[in-house]
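**Student:** Have a peek at upload-v1.cif (mmCIF, N, CA and C atoms and all ligand atoms).
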data_final
loop_
_atom_site.label_atom_id
_atom_site.label_comp_id
_atom_site.auth_asym_id
_atom_site.auth_seq_id
_atom_site.Cartn_x
_atom_site.Cartn_y
_atom_site.Cartn_z
N MET A 1 219.08 175.77 -122.12
CA MET A 1 219.13 174.33 -122.35
C MET A 1 218.41 173.60 -121.21
N ALA A 2 217.68 172.57 -121.57
CA ALA A 2 216.89 171.85 -120.57
C ALA A 2 217.79 171.13 -119.56
N GLU A 3 217.36 171.15 -118.30
CA GLU A 3 218.10 170.45 -117.26
C GLU A 3 217.52 169.05 -117.10
N PHE A 4 218.39 168.05 -117.21
CA PHE A 4 217.93 166.67 -117.08
C PHE A 4 218.10 166.17 -115.65
N HIS A 5 217.12 165.40 -115.19
CA HIS A 5 217.15 164.81 -113.86
C HIS A 5 217.16 163.29 -114.00
N LYS A 6 218.00 162.67 -113.22
CA LYS A 6 218.10 161.21 -113.28
C LYS A 6 216.92 160.57 -112.55
N LEU A 7 216.26 159.62 -113.25
CA LEU A 7 215.16 158.89 -112.60
C LEU A 7 215.66 157.57 -112.01
N GLY A 8 216.41 156.82 -112.79
CA GLY A 8 216.91 155.54 -112.30
C GLY A 8 217.38 154.67 -113.44
N PRO A 9 217.82 153.45 -113.11
CA PRO A 9 218.30 152.54 -114.15
C PRO A 9 217.19 152.11 -115.11
N VAL A 10 217.57 151.84 -116.35
CA VAL A 10 216.57 151.50 -117.38
C VAL A 10 215.73 150.27 -117.02
N ASP A 11 216.32 149.34 -116.25
CA ASP A 11 215.56 148.12 -115.94
C ASP A 11 214.56 148.31 -114.79
N GLU A 12 214.45 149.54 -114.29
CA GLU A 12 213.47 149.82 -113.23
C GLU A 12 212.04 149.83 -113.80
N VAL A 13 211.91 150.13 -115.08
CA VAL A 13 210.58 150.14 -115.73
C VAL A 13 210.67 149.26 -116.98
N SER A 14 210.11 148.07 -116.88
CA SER A 14 210.17 147.10 -117.99
C SER A 14 209.13 147.44 -119.05
N PRO A 15 209.27 146.86 -120.26
CA PRO A 15 208.26 147.08 -121.30
C PRO A 15 206.86 146.73 -120.77
N GLY A 16 205.91 147.64 -121.02
CA GLY A 16 204.54 147.41 -120.57
C GLY A 16 204.27 147.95 -119.17
N GLU A 17 205.29 148.52 -118.53
CA GLU A 17 205.11 149.03 -117.16
C GLU A 17 205.08 150.56 -117.14
N ILE A 18 204.49 151.08 -116.07
CA ILE A 18 204.45 152.52 -115.84
C ILE A 18 204.77 152.74 -114.37
N LYS A 19 205.49 153.81 -114.07
CA LYS A 19 205.90 154.05 -112.69
C LYS A 19 205.94 155.55 -112.42
N GLN A 20 205.63 155.89 -111.18
CA GLN A 20 205.66 157.31 -110.80
C GLN A 20 206.98 157.69 -110.12
N TYR A 21 207.48 158.86 -110.45
CA TYR A 21 208.63 159.46 -109.79
C TYR A 21 208.22 160.86 -109.35
N VAL A 22 208.95 161.40 -108.40
CA VAL A 22 208.72 162.80 -108.02
C VAL A 22 210.00 163.57 -108.32
N VAL A 23 209.90 164.57 -109.16
CA VAL A 23 211.05 165.36 -109.56
C VAL A 23 210.73 166.83 -109.30
N GLU A 24 211.52 167.45 -108.45
CA GLU A 24 211.30 168.85 -108.10
C GLU A 24 209.84 169.12 -107.72
N ASP A 25 209.31 168.28 -106.85
CA ASP A 25 207.93 168.40 -106.34
C ASP A 25 206.86 168.22 -107.42
N ARG A 26 207.24 167.64 -108.55
CA ARG A 26 206.24 167.36 -109.59
C ARG A 26 206.13 165.85 -109.77
N PHE A 27 204.91 165.39 -110.05
CA PHE A 27 204.69 163.97 -110.29
C PHE A 27 204.99 163.66 -111.75
N VAL A 28 205.87 162.70 -111.95
CA VAL A 28 206.28 162.33 -113.30
C VAL A 28 205.97 160.85 -113.51
N ALA A 29 205.27 160.54 -114.60
CA ALA A 29 205.03 159.13 -114.95
C ALA A 29 206.03 158.75 -116.03
N LEU A 30 206.68 157.62 -115.81
CA LEU A 30 207.59 157.09 -116.83
C LEU A 30 207.05 155.75 -117.25
N CYS A 31 206.90 155.55 -118.56
CA CYS A 31 206.42 154.25 -119.03
C CYS A 31 207.33 153.75 -120.14
N ASN A 32 207.24 152.46 -120.34
CA ASN A 32 208.08 151.78 -121.31
C ASN A 32 207.18 151.12 -122.36
N VAL A 33 207.27 151.61 -123.59
CA VAL A 33 206.47 151.05 -124.69
C VAL A 33 207.44 150.31 -125.61
N ASP A 34 207.48 149.01 -125.48
CA ASP A 34 208.36 148.17 -126.31
C ASP A 34 209.81 148.67 -126.30
N GLY A 35 210.29 149.04 -125.11
CA GLY A 35 211.68 149.45 -124.98
C GLY A 35 211.92 150.93 -125.19
N GLU A 36 210.86 151.67 -125.53
CA GLU A 36 210.97 153.12 -125.73
C GLU A 36 210.35 153.81 -124.52
N PHE A 37 211.10 154.73 -123.91
CA PHE A 37 210.59 155.41 -122.71
C PHE A 37 209.84 156.69 -123.07
N HIS A 38 208.75 156.91 -122.33
CA HIS A 38 207.97 158.13 -122.47
C HIS A 38 207.67 158.65 -121.07
N ALA A 39 207.79 159.96 -120.89
CA ALA A 39 207.50 160.55 -119.59
C ALA A 39 206.52 161.69 -119.77
N PHE A 40 205.65 161.85 -118.79
CA PHE A 40 204.66 162.92 -118.84
C PHE A 40 204.21 163.26 -117.43
N GLU A 41 203.54 164.40 -117.30
CA GLU A 41 203.02 164.84 -116.00
C GLU A 41 202.03 163.77 -115.51
N ASP A 42 202.25 163.29 -114.29
CA ASP A 42 201.41 162.21 -113.79
C ASP A 42 200.16 162.75 -113.10
N VAL A 43 199.44 163.57 -113.83
CA VAL A 43 198.21 164.17 -113.32
C VAL A 43 197.19 164.20 -114.46
N CYS A 44 196.01 163.66 -114.20
CA CYS A 44 194.96 163.68 -115.23
C CYS A 44 194.53 165.12 -115.48
N THR A 45 194.18 165.43 -116.72
CA THR A 45 193.77 166.80 -117.04
C THR A 45 192.28 167.04 -116.78
N HIS A 46 191.58 166.01 -116.30
CA HIS A 46 190.16 166.18 -115.97
C HIS A 46 190.02 166.60 -114.51
N GLN A 47 190.53 165.78 -113.59
CA GLN A 47 190.58 166.12 -112.17
C GLN A 47 191.89 165.57 -111.63
N PHE A 48 192.22 165.98 -110.40
CA PHE A 48 193.51 165.56 -109.88
C PHE A 48 193.50 164.08 -109.49
N THR A 49 194.24 163.31 -110.24
CA THR A 49 194.51 161.92 -109.89
C THR A 49 195.75 161.51 -110.67
N HIS A 50 196.37 160.41 -110.24
CA HIS A 50 197.61 159.98 -110.89
C HIS A 50 197.32 158.94 -111.98
N LEU A 51 197.72 159.27 -113.20
CA LEU A 51 197.50 158.35 -114.32
C LEU A 51 198.31 157.07 -114.16
N SER A 52 199.44 157.14 -113.47
CA SER A 52 200.28 155.95 -113.31
C SER A 52 199.58 154.87 -112.48
N GLU A 53 198.48 155.23 -111.82
CA GLU A 53 197.72 154.25 -111.03
C GLU A 53 196.64 153.59 -111.88
N GLY A 54 196.53 154.02 -113.14
CA GLY A 54 195.52 153.44 -114.02
C GLY A 54 196.09 152.29 -114.83
N GLU A 55 195.24 151.74 -115.70
CA GLU A 55 195.68 150.64 -116.57
C GLU A 55 196.57 151.18 -117.67
N PHE A 56 197.58 150.42 -118.00
CA PHE A 56 198.50 150.83 -119.07
C PHE A 56 198.64 149.67 -120.04
N GLU A 57 198.27 149.91 -121.28
CA GLU A 57 198.33 148.85 -122.27
C GLU A 57 198.71 149.45 -123.62
N ASP A 58 199.59 148.76 -124.33
CA ASP A 58 200.15 149.28 -125.59
C ASP A 58 200.71 150.66 -125.31
N SER A 59 200.19 151.69 -125.94
CA SER A 59 200.72 153.02 -125.64
C SER A 59 199.62 153.92 -125.08
N VAL A 60 198.67 153.30 -124.39
CA VAL A 60 197.55 154.05 -123.84
C VAL A 60 197.41 153.82 -122.34
N VAL A 61 197.27 154.92 -121.60
CA VAL A 61 197.01 154.81 -120.16
C VAL A 61 195.58 155.27 -119.91
N THR A 62 194.89 154.55 -119.03
CA THR A 62 193.50 154.86 -118.72
C THR A 62 193.42 155.42 -117.31
N CYS A 63 192.81 156.59 -117.18
CA CYS A 63 192.69 157.23 -115.88
C CYS A 63 191.91 156.33 -114.91
N PRO A 64 192.43 156.15 -113.69
CA PRO A 64 191.75 155.26 -112.73
C PRO A 64 190.45 155.84 -112.19
N LEU A 65 190.23 157.15 -112.36
CA LEU A 65 189.04 157.76 -111.75
C LEU A 65 187.81 157.70 -112.65
N HIS A 66 187.90 158.23 -113.86
CA HIS A 66 186.72 158.24 -114.75
C HIS A 66 186.98 157.63 -116.11
N GLY A 67 188.15 157.04 -116.30
CA GLY A 67 188.38 156.25 -117.52
C GLY A 67 188.84 156.99 -118.76
N ALA A 68 189.22 158.26 -118.65
CA ALA A 68 189.74 158.94 -119.85
C ALA A 68 191.03 158.23 -120.29
N LYS A 69 191.24 158.20 -121.60
CA LYS A 69 192.43 157.53 -122.13
C LYS A 69 193.39 158.57 -122.71
N PHE A 70 194.68 158.33 -122.49
CA PHE A 70 195.72 159.22 -123.02
C PHE A 70 196.74 158.41 -123.79
N ASP A 71 197.17 158.96 -124.93
CA ASP A 71 198.25 158.37 -125.71
C ASP A 71 199.56 158.81 -125.07
N VAL A 72 200.32 157.86 -124.54
CA VAL A 72 201.55 158.25 -123.82
C VAL A 72 202.64 158.75 -124.77
N LYS A 73 202.53 158.45 -126.05
CA LYS A 73 203.56 158.92 -126.99
C LYS A 73 203.40 160.40 -127.31
N SER A 74 202.16 160.86 -127.36
CA SER A 74 201.92 162.28 -127.69
C SER A 74 201.40 163.07 -126.49
N GLY A 75 200.83 162.38 -125.52
CA GLY A 75 200.19 163.04 -124.39
C GLY A 75 198.73 163.36 -124.67
N ALA A 76 198.27 163.12 -125.90
CA ALA A 76 196.91 163.51 -126.31
C ALA A 76 195.83 162.74 -125.54
N ALA A 77 194.75 163.48 -125.22
CA ALA A 77 193.58 162.85 -124.62
C ALA A 77 192.82 162.15 -125.75
N LYS A 78 192.54 160.87 -125.56
CA LYS A 78 191.90 160.09 -126.62
C LYS A 78 190.42 159.86 -126.35
N SER A 79 189.97 160.12 -125.13
CA SER A 79 188.55 159.93 -124.85
C SER A 79 188.12 160.80 -123.68
N LEU A 80 186.83 161.11 -123.67
CA LEU A 80 186.24 161.90 -122.59
C LEU A 80 186.29 161.10 -121.28
N PRO A 81 186.22 161.75 -120.13
CA PRO A 81 185.91 163.17 -119.95
C PRO A 81 187.12 164.11 -120.05
N ALA A 82 188.32 163.62 -120.28
CA ALA A 82 189.45 164.53 -120.44
C ALA A 82 189.50 165.03 -121.88
N VAL A 83 189.85 166.29 -122.07
CA VAL A 83 189.96 166.83 -123.43
C VAL A 83 191.35 167.43 -123.69
N LYS A 84 192.02 167.83 -122.62
CA LYS A 84 193.35 168.44 -122.79
C LYS A 84 194.44 167.38 -122.69
N PRO A 85 195.53 167.59 -123.43
CA PRO A 85 196.65 166.64 -123.36
C PRO A 85 197.43 166.80 -122.05
N VAL A 86 198.12 165.72 -121.65
CA VAL A 86 199.05 165.85 -120.52
C VAL A 86 200.39 166.30 -121.08
N PRO A 87 201.08 167.21 -120.39
CA PRO A 87 202.39 167.67 -120.87
C PRO A 87 203.41 166.53 -120.88
N LYS A 88 204.08 166.37 -121.99
CA LYS A 88 205.14 165.36 -122.11
C LYS A 88 206.45 165.97 -121.62
N HIS A 89 207.29 165.12 -121.05
CA HIS A 89 208.63 165.53 -120.65
C HIS A 89 209.63 164.89 -121.61
N GLU A 90 210.74 165.59 -121.81
CA GLU A 90 211.79 165.05 -122.67
C GLU A 90 212.53 163.94 -121.91
N VAL A 91 212.84 162.86 -122.63
CA VAL A 91 213.51 161.71 -122.01
C VAL A 91 214.81 161.42 -122.74
N LYS A 92 215.83 161.05 -121.99
CA LYS A 92 217.03 160.53 -122.64
C LYS A 92 217.57 159.38 -121.80
N VAL A 93 218.25 158.47 -122.48
CA VAL A 93 218.88 157.33 -121.81
C VAL A 93 220.38 157.49 -121.99
N GLU A 94 221.09 157.41 -120.87
CA GLU A 94 222.54 157.59 -120.91
C GLU A 94 223.17 156.69 -119.87
N ASP A 95 224.17 155.94 -120.27
CA ASP A 95 224.89 155.05 -119.35
C ASP A 95 223.96 154.15 -118.54
N GLY A 96 222.91 153.67 -119.19
CA GLY A 96 222.02 152.72 -118.51
C GLY A 96 221.02 153.35 -117.57
N ASN A 97 220.92 154.68 -117.59
CA ASN A 97 219.95 155.36 -116.74
C ASN A 97 219.00 156.22 -117.58
N VAL A 98 217.82 156.44 -117.02
CA VAL A 98 216.82 157.27 -117.69
C VAL A 98 216.81 158.65 -117.04
N TYR A 99 216.76 159.67 -117.85
CA TYR A 99 216.75 161.06 -117.39
C TYR A 99 215.53 161.78 -118.00
N VAL A 100 215.00 162.74 -117.27
CA VAL A 100 213.93 163.56 -117.84
C VAL A 100 214.25 165.05 -117.69
N ALA A 101 213.79 165.81 -118.65
CA ALA A 101 213.83 167.27 -118.57
C ALA A 101 212.37 167.70 -118.49
N LEU A 102 212.02 168.40 -117.43
CA LEU A 102 210.62 168.73 -117.18
C LEU A 102 210.08 169.77 -118.16
N ASN A 103 208.87 169.51 -118.63
CA ASN A 103 208.15 170.46 -119.46
C ASN A 103 207.71 171.62 -118.57
N THR A 104 207.83 172.83 -119.06
CA THR A 104 207.41 173.96 -118.23
C THR A 104 205.88 174.03 -118.12
N LYS A 105 205.19 173.39 -119.06
CA LYS A 105 203.73 173.35 -118.99
C LYS A 105 203.31 172.40 -117.87
N ARG A 106 202.27 172.77 -117.15
CA ARG A 106 201.75 171.93 -116.08
C ARG A 106 200.26 171.73 -116.26
N VAL A 107 199.78 170.65 -115.67
CA VAL A 107 198.34 170.41 -115.66
C VAL A 107 197.73 171.31 -114.60
N LYS A 108 196.65 172.00 -114.97
CA LYS A 108 195.95 172.84 -114.00
C LYS A 108 194.56 172.28 -113.78
N VAL A 109 194.37 171.67 -112.64
CA VAL A 109 193.06 171.10 -112.33
C VAL A 109 192.70 171.43 -110.89
N GLY A 110 191.45 171.15 -110.54
CA GLY A 110 191.02 171.33 -109.16
C GLY A 110 190.90 172.78 -108.77
N GLY A 111 191.09 173.04 -107.48
CA GLY A 111 190.85 174.35 -106.91
C GLY A 111 191.76 175.44 -107.42
N ARG A 112 192.90 175.07 -107.96
CA ARG A 112 193.85 176.09 -108.39
C ARG A 112 193.46 176.74 -109.71
N ARG A 113 192.61 176.04 -110.48
CA ARG A 113 192.36 176.50 -111.84
C ARG A 113 191.89 177.94 -111.90
N GLY A 114 190.98 178.32 -111.02
CA GLY A 114 190.43 179.66 -111.08
C GLY A 114 191.36 180.74 -110.57
N LEU A 115 192.46 180.34 -109.91
CA LEU A 115 193.34 181.32 -109.29
C LEU A 115 194.45 181.78 -110.21
N ARG A 116 194.65 181.06 -111.31
CA ARG A 116 195.76 181.39 -112.20
C ARG A 116 195.27 181.87 -113.55
N ARG A 117 196.09 182.64 -114.21
CA ARG A 117 195.72 183.12 -115.54
C ARG A 117 196.72 182.60 -116.54
S1 LIG B 201 190.05 162.36 -113.22
FE1 LIG B 201 190.83 161.40 -115.01
S2 LIG B 201 189.05 161.12 -116.21
FE2 LIG B 201 188.32 162.14 -114.46
#
For the structure just supplied, provide its representation as structure tokens.

**Tutor:**
Amino acid sequence: MAEFHKLGPVDEVSPGEIKQYVVEDRFVALCNVDGEFHAFEDVCTHQFTHLSEGEFEDSVVTCPLHGAKFDVKSGAAKSLPAVKPVPKHEVKVEDGNVYVALNTKRVKVGGRRGLRR
């Protein structure tokens, strides 16, 4: 069963906002789309940068480095230069707080890519 980690109170991320958290040494982006929370690995799948530092509008986040767009509801890459989706994390809201269960899939970019199989 997935282990949930508390991020913070629901009002910490308002509708239309995105924020970065660090959970077990992983960067997690939490965003609020019209009151619905979505969490995903806060690392672009093109090169290492944080998507939470990019523009966030409707349900799309734009990478601050080269402009790739990702659908935060599915994690899908919607435009080049990124082609791979960002791993989504499971989210639940309980007693006014937001919790995430980390996806075991991780983004592999940069120098590490060639070292792993
Ligand atoms: S690092 Fe995100 S599009 Fe290049």

**Student:** Within 10 Å of ligand LIG 201 (chain B), counting only C-alpha atoms and all ligand atoms: which residues, as an MDAnalysis selection string?

**Tutor:** chainID A and resid 43:51 54 62:70 77 79:83 109:110

**Student:** Find the spatial neighbours of segment 18-23 of chain A, counting all atoms listed in the file, within a cut-off of 6.5 Å - ignore same-chain residues fewer than 6 positions away - and output them as a PDB file with N, CA and C atoms, in the coordinates of the input.

**Tutor:**
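Output file out13.pdb is given in full below:
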ATOM      1  N   ALA A  29     205.270 160.540-114.600  1.00  0.00           N
ATOM      2  CA  ALA A  29     205.030 159.130-114.950  1.00  0.00           C
ATOM      3  C   ALA A  29     206.030 158.750-116.030  1.00  0.00           C
ATOM      4  N   LEU A  30     206.680 157.620-115.810  1.00  0.00           N
ATOM      5  CA  LEU A  30     207.590 157.090-116.830  1.00  0.00           C
ATOM      6  C   LEU A  30     207.050 155.750-117.250  1.00  0.00           C
ATOM      7  N   CYS A  31     206.900 155.550-118.560  1.00  0.00           N
ATOM      8  CA  CYS A  31     206.420 154.250-119.030  1.00  0.00           C
ATOM      9  C   CYS A  31     207.330 153.750-120.140  1.00  0.00           C
ATOM     10  N   ASN A  32     207.240 152.460-120.340  1.00  0.00           N
ATOM     11  CA  ASN A  32     208.080 151.780-121.310  1.00  0.00           C
ATOM     12  C   ASN A  32     207.180 151.120-122.360  1.00  0.00           C
ATOM     13  N   SER A  52     199.440 157.140-113.470  1.00  0.00           N
ATOM     14  CA  SER A  52     200.280 155.950-113.310  1.00  0.00           C
ATOM     15  C   SER A  52     199.580 154.870-112.480  1.00  0.00           C
TER      16      SER A  52
END

**Student:** Mind listing as a PyMOL selection string all residues within 7 Å of (217.1, 162.9, -119.5), counting all atoms listed in the file?

**Tutor:** chain A and resi 3-6+90-94+98-101

**Student:** Kindly extract all protein, DNA and RNA residues lying within 12 Å of the coordinates (200.3, 147.0, -127.3) given in the file, considering only C-alpha atoms, and supply them as a list in words.

**Tutor:**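 Within 12 Å of (200.3, 147.0, -127.3), the protein and nucleic acid residues are Pro15, Gly16, Glu17, Asn32, Val33, Asp34, Gly35, Phe56, Glu57, Asp58, Ser59, Val60, Val61, Asp71 and Val72 of chain A.
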
**Student:** Could you jot down the atom CA of Glu36 of chain A to atom CA of Glu12 of chain A separation for me, Å, one decimal place?

**Tutor:**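 Taking atom CA of Glu36 of chain A and atom CA of Glu12 of chain A, their separation equals 13.2 Å.
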
**Student:** DSSP on the backbone: what in chain A comes out strand (DSSP E), as a PyMOL selection string?

**Tutor:** chain A and resi 4-9+18-23+26-33+36-41+55-57+60-62+69-71+88-94+97-101

**Student:** Suppose we keep N, CA and C atoms; can you now write the selection as a tab-separated table (two decimals), in the frame of the given file?

**Tutor:**
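Wrote it out as again_10.tsv, contents follow:
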chain	number	residue	atom	x	y	z
A	4	PHE	N	218.39	168.05	-117.21
A	4	PHE	CA	217.93	166.67	-117.08
A	4	PHE	C	218.10	166.17	-115.65
A	5	HIS	N	217.12	165.40	-115.19
A	5	HIS	CA	217.15	164.81	-113.86
A	5	HIS	C	217.16	163.29	-114.00
A	6	LYS	N	218.00	162.67	-113.22
A	6	LYS	CA	218.10	161.21	-113.28
A	6	LYS	C	216.92	160.57	-112.55
A	7	LEU	N	216.26	159.62	-113.25
A	7	LEU	CA	215.16	158.89	-112.60
A	7	LEU	C	215.66	157.57	-112.01
A	8	GLY	N	216.41	156.82	-112.79
A	8	GLY	CA	216.91	155.54	-112.30
A	8	GLY	C	217.38	154.67	-113.44
A	9	PRO	N	217.82	153.45	-113.11
A	9	PRO	CA	218.30	152.54	-114.15
A	9	PRO	C	217.19	152.11	-115.11
A	18	ILE	N	204.49	151.08	-116.07
A	18	ILE	CA	204.45	152.52	-115.84
A	18	ILE	C	204.77	152.74	-114.37
A	19	LYS	N	205.49	153.81	-114.07
A	19	LYS	CA	205.90	154.05	-112.69
A	19	LYS	C	205.94	155.55	-112.42
A	20	GLN	N	205.63	155.89	-111.18
A	20	GLN	CA	205.66	157.31	-110.80
A	20	GLN	C	206.98	157.69	-110.12
A	21	TYR	N	207.48	158.86	-110.45
A	21	TYR	CA	208.63	159.46	-109.79
A	21	TYR	C	208.22	160.86	-109.35
A	22	VAL	N	208.95	161.40	-108.40
A	22	VAL	CA	208.72	162.80	-108.02
A	22	VAL	C	210.00	163.57	-108.32
A	23	VAL	N	209.90	164.57	-109.16
A	23	VAL	CA	211.05	165.36	-109.56
A	23	VAL	C	210.73	166.83	-109.30
A	26	ARG	N	207.24	167.64	-108.55
A	26	ARG	CA	206.24	167.36	-109.59
A	26	ARG	C	206.13	165.85	-109.77
A	27	PHE	N	204.91	165.39	-110.05
A	27	PHE	CA	204.69	163.97	-110.29
A	27	PHE	C	204.99	163.66	-111.75
A	28	VAL	N	205.87	162.70	-111.95
A	28	VAL	CA	206.28	162.33	-113.30
A	28	VAL	C	205.97	160.85	-113.51
A	29	ALA	N	205.27	160.54	-114.60
A	29	ALA	CA	205.03	159.13	-114.95
A	29	ALA	C	206.03	158.75	-116.03
A	30	LEU	N	206.68	157.62	-115.81
A	30	LEU	CA	207.59	157.09	-116.83
A	30	LEU	C	207.05	155.75	-117.25
A	31	CYS	N	206.90	155.55	-118.56
A	31	CYS	CA	206.42	154.25	-119.03
A	31	CYS	C	207.33	153.75	-120.14
A	32	ASN	N	207.24	152.46	-120.34
A	32	ASN	CA	208.08	151.78	-121.31
A	32	ASN	C	207.18	151.12	-122.36
A	33	VAL	N	207.27	151.61	-123.59
A	33	VAL	CA	206.47	151.05	-124.69
A	33	VAL	C	207.44	150.31	-125.61
A	36	GLU	N	210.86	151.67	-125.53
A	36	GLU	CA	210.97	153.12	-125.73
A	36	GLU	C	210.35	153.81	-124.52
A	37	PHE	N	211.10	154.73	-123.91
A	37	PHE	CA	210.59	155.41	-122.71
A	37	PHE	C	209.84	156.69	-123.07
A	38	HIS	N	208.75	156.91	-122.33
A	38	HIS	CA	207.97	158.13	-122.47
A	38	HIS	C	207.67	158.65	-121.07
A	39	ALA	N	207.79	159.96	-120.89
A	39	ALA	CA	207.50	160.55	-119.59
A	39	ALA	C	206.52	161.69	-119.77
A	40	PHE	N	205.65	161.85	-118.79
A	40	PHE	CA	204.66	162.92	-118.84
A	40	PHE	C	204.21	163.26	-117.43
A	41	GLU	N	203.54	164.40	-117.30
A	41	GLU	CA	203.02	164.84	-116.00
A	41	GLU	C	202.03	163.77	-115.51
A	55	GLU	N	195.24	151.74	-115.70
A	55	GLU	CA	195.68	150.64	-116.57
A	55	GLU	C	196.57	151.18	-117.67
A	56	PHE	N	197.58	150.42	-118.00
A	56	PHE	CA	198.50	150.83	-119.07
A	56	PHE	C	198.64	149.67	-120.04
A	57	GLU	N	198.27	149.91	-121.28
A	57	GLU	CA	198.33	148.85	-122.27
A	57	GLU	C	198.71	149.45	-123.62
A	60	VAL	N	198.67	153.30	-124.39
A	60	VAL	CA	197.55	154.05	-123.84
A	60	VAL	C	197.41	153.82	-122.34
A	61	VAL	N	197.27	154.92	-121.60
A	61	VAL	CA	197.01	154.81	-120.16
A	61	VAL	C	195.58	155.27	-119.91
A	62	THR	N	194.89	154.55	-119.03
A	62	THR	CA	193.50	154.86	-118.72
A	62	THR	C	193.42	155.42	-117.31
A	69	LYS	N	191.24	158.20	-121.60
A	69	LYS	CA	192.43	157.53	-122.13
A	69	LYS	C	193.39	158.57	-122.71
A	70	PHE	N	194.68	158.33	-122.49
A	70	PHE	CA	195.72	159.22	-123.02
A	70	PHE	C	196.74	158.41	-123.79
A	71	ASP	N	197.17	158.96	-124.93
A	71	ASP	CA	198.25	158.37	-125.71
A	71	ASP	C	199.56	158.81	-125.07
A	88	LYS	N	204.08	166.37	-121.99
A	88	LYS	CA	205.14	165.36	-122.11
A	88	LYS	C	206.45	165.97	-121.62
A	89	HIS	N	207.29	165.12	-121.05
A	89	HIS	CA	208.63	165.53	-120.65
A	89	HIS	C	209.63	164.89	-121.61
A	90	GLU	N	210.74	165.59	-121.81
A	90	GLU	CA	211.79	165.05	-122.67
A	90	GLU	C	212.53	163.94	-121.91
A	91	VAL	N	212.84	162.86	-122.63
A	91	VAL	CA	213.51	161.71	-122.01
A	91	VAL	C	214.81	161.42	-122.74
A	92	LYS	N	215.83	161.05	-121.99
A	92	LYS	CA	217.03	160.53	-122.64
A	92	LYS	C	217.57	159.38	-121.80
A	93	VAL	N	218.25	158.47	-122.48
A	93	VAL	CA	218.88	157.33	-121.81
A	93	VAL	C	220.38	157.49	-121.99
A	94	GLU	N	221.09	157.41	-120.87
A	94	GLU	CA	222.54	157.59	-120.91
A	94	GLU	C	223.17	156.69	-119.87
A	97	ASN	N	220.92	154.68	-117.59
A	97	ASN	CA	219.95	155.36	-116.74
A	97	ASN	C	219.00	156.22	-117.58
A	98	VAL	N	217.82	156.44	-117.02
A	98	VAL	CA	216.82	157.27	-117.69
A	98	VAL	C	216.81	158.65	-117.04
A	99	TYR	N	216.76	159.67	-117.85
A	99	TYR	CA	216.75	161.06	-117.39
A	99	TYR	C	215.53	161.78	-118.00
A	100	VAL	N	215.00	162.74	-117.27
A	100	VAL	CA	213.93	163.56	-117.84
A	100	VAL	C	214.25	165.05	-117.69
A	101	ALA	N	213.79	165.81	-118.65
A	101	ALA	CA	213.83	167.27	-118.57
A	101	ALA	C	212.37	167.70	-118.49

**Student:** Which one of A:Asn103, A:Phe37, A:Asp25, A:Val13 sits closest to His89 of chain A if you count all atoms listed in the file?

**Tutor:** A:Asn103

**Student:** Quick check for you: according to DSSP on this backbone, which residues of segment 7-59 of chain A are classed as helix (DSSP H, G or I)? Reply as an NGL selection string.

**Tutor:** :A and (10-12 or 51-53)

**Student:** Those same residues, written as a compact mmCIF listing (two decimals), in the frame of the given file with N, CA and C atoms?

**Tutor:**
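Saved as selection_6.txt:
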# COMPACT_ATOMS: atom_id res chain seq x y z
N VAL A 10 217.57 151.84 -116.35
CA VAL A 10 216.57 151.50 -117.38
C VAL A 10 215.73 150.27 -117.02
N ASP A 11 216.32 149.34 -116.25
CA ASP A 11 215.56 148.12 -115.94
C ASP A 11 214.56 148.31 -114.79
N GLU A 12 214.45 149.54 -114.29
CA GLU A 12 213.47 149.82 -113.23
C GLU A 12 212.04 149.83 -113.80
N LEU A 51 197.72 159.27 -113.20
CA LEU A 51 197.50 158.35 -114.32
C LEU A 51 198.31 157.07 -114.16
N SER A 52 199.44 157.14 -113.47
CA SER A 52 200.28 155.95 -113.31
C SER A 52 199.58 154.87 -112.48
N GLU A 53 198.48 155.23 -111.82
CA GLU A 53 197.72 154.25 -111.03
C GLU A 53 196.64 153.59 -111.88

**Student:** Smallest atom-to-atom distance to Arg26 of chain A: which of A:Pro87, A:Lys73, A:Pro9, A:Gly96, using only C-alpha atoms?

**Tutor:**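 The shortest atom-to-atom distance to Arg26 of chain A comes from A:Pro87.
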
**Student:** Report the distance between atom CA of Asp42 of chain A and atom CA of Arg106 of chain A in Å, rounded to one decimal place.

**Tutor:**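 So the answer is 10.0 Å.
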
**Student:** I'd like the contact shell of Val86 of chain A - 7 Å cut-off, only C-alpha atoms, skipping same-chain residues fewer than 2 positions apart - returned as a PDB file with N, CA and C atoms, keeping the file's coordinate frame.

**Tutor:**
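Here's the written file selection19.pdb:
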ATOM      1  N   PHE A  40     205.650 161.850-118.790  1.00  0.00           N
ATOM      2  CA  PHE A  40     204.660 162.920-118.840  1.00  0.00           C
ATOM      3  C   PHE A  40     204.210 163.260-117.430  1.00  0.00           C
ATOM      4  N   GLU A  41     203.540 164.400-117.300  1.00  0.00           N
ATOM      5  CA  GLU A  41     203.020 164.840-116.000  1.00  0.00           C
ATOM      6  C   GLU A  41     202.030 163.770-115.510  1.00  0.00           C
ATOM      7  N   THR A  45     194.180 165.430-116.720  1.00  0.00           N
ATOM      8  CA  THR A  45     193.770 166.800-117.040  1.00  0.00           C
ATOM      9  C   THR A  45     192.280 167.040-116.780  1.00  0.00           C
ATOM     10  N   GLY A  75     200.830 162.380-125.520  1.00  0.00           N
ATOM     11  CA  GLY A  75     200.190 163.040-124.390  1.00  0.00           C
ATOM     12  C   GLY A  75     198.730 163.360-124.670  1.00  0.00           C
ATOM     13  N   ALA A  76     198.270 163.120-125.900  1.00  0.00           N
ATOM     14  CA  ALA A  76     196.910 163.510-126.310  1.00  0.00           C
ATOM     15  C   ALA A  76     195.830 162.740-125.540  1.00  0.00           C
ATOM     16  N   LYS A  84     192.020 167.830-122.620  1.00  0.00           N
ATOM     17  CA  LYS A  84     193.350 168.440-122.790  1.00  0.00           C
ATOM     18  C   LYS A  84     194.440 167.380-122.690  1.00  0.00           C
ATOM     19  N   LYS A  88     204.080 166.370-121.990  1.00  0.00           N
ATOM     20  CA  LYS A  88     205.140 165.360-122.110  1.00  0.00           C
ATOM     21  C   LYS A  88     206.450 165.970-121.620  1.00  0.00           C
ATOM     22  N   VAL A 107     199.780 170.650-115.670  1.00  0.00           N
ATOM     23  CA  VAL A 107     198.340 170.410-115.660  1.00  0.00           C
ATOM     24  C   VAL A 107     197.730 171.310-114.600  1.00  0.00           C
TER      25      VAL A 107
END
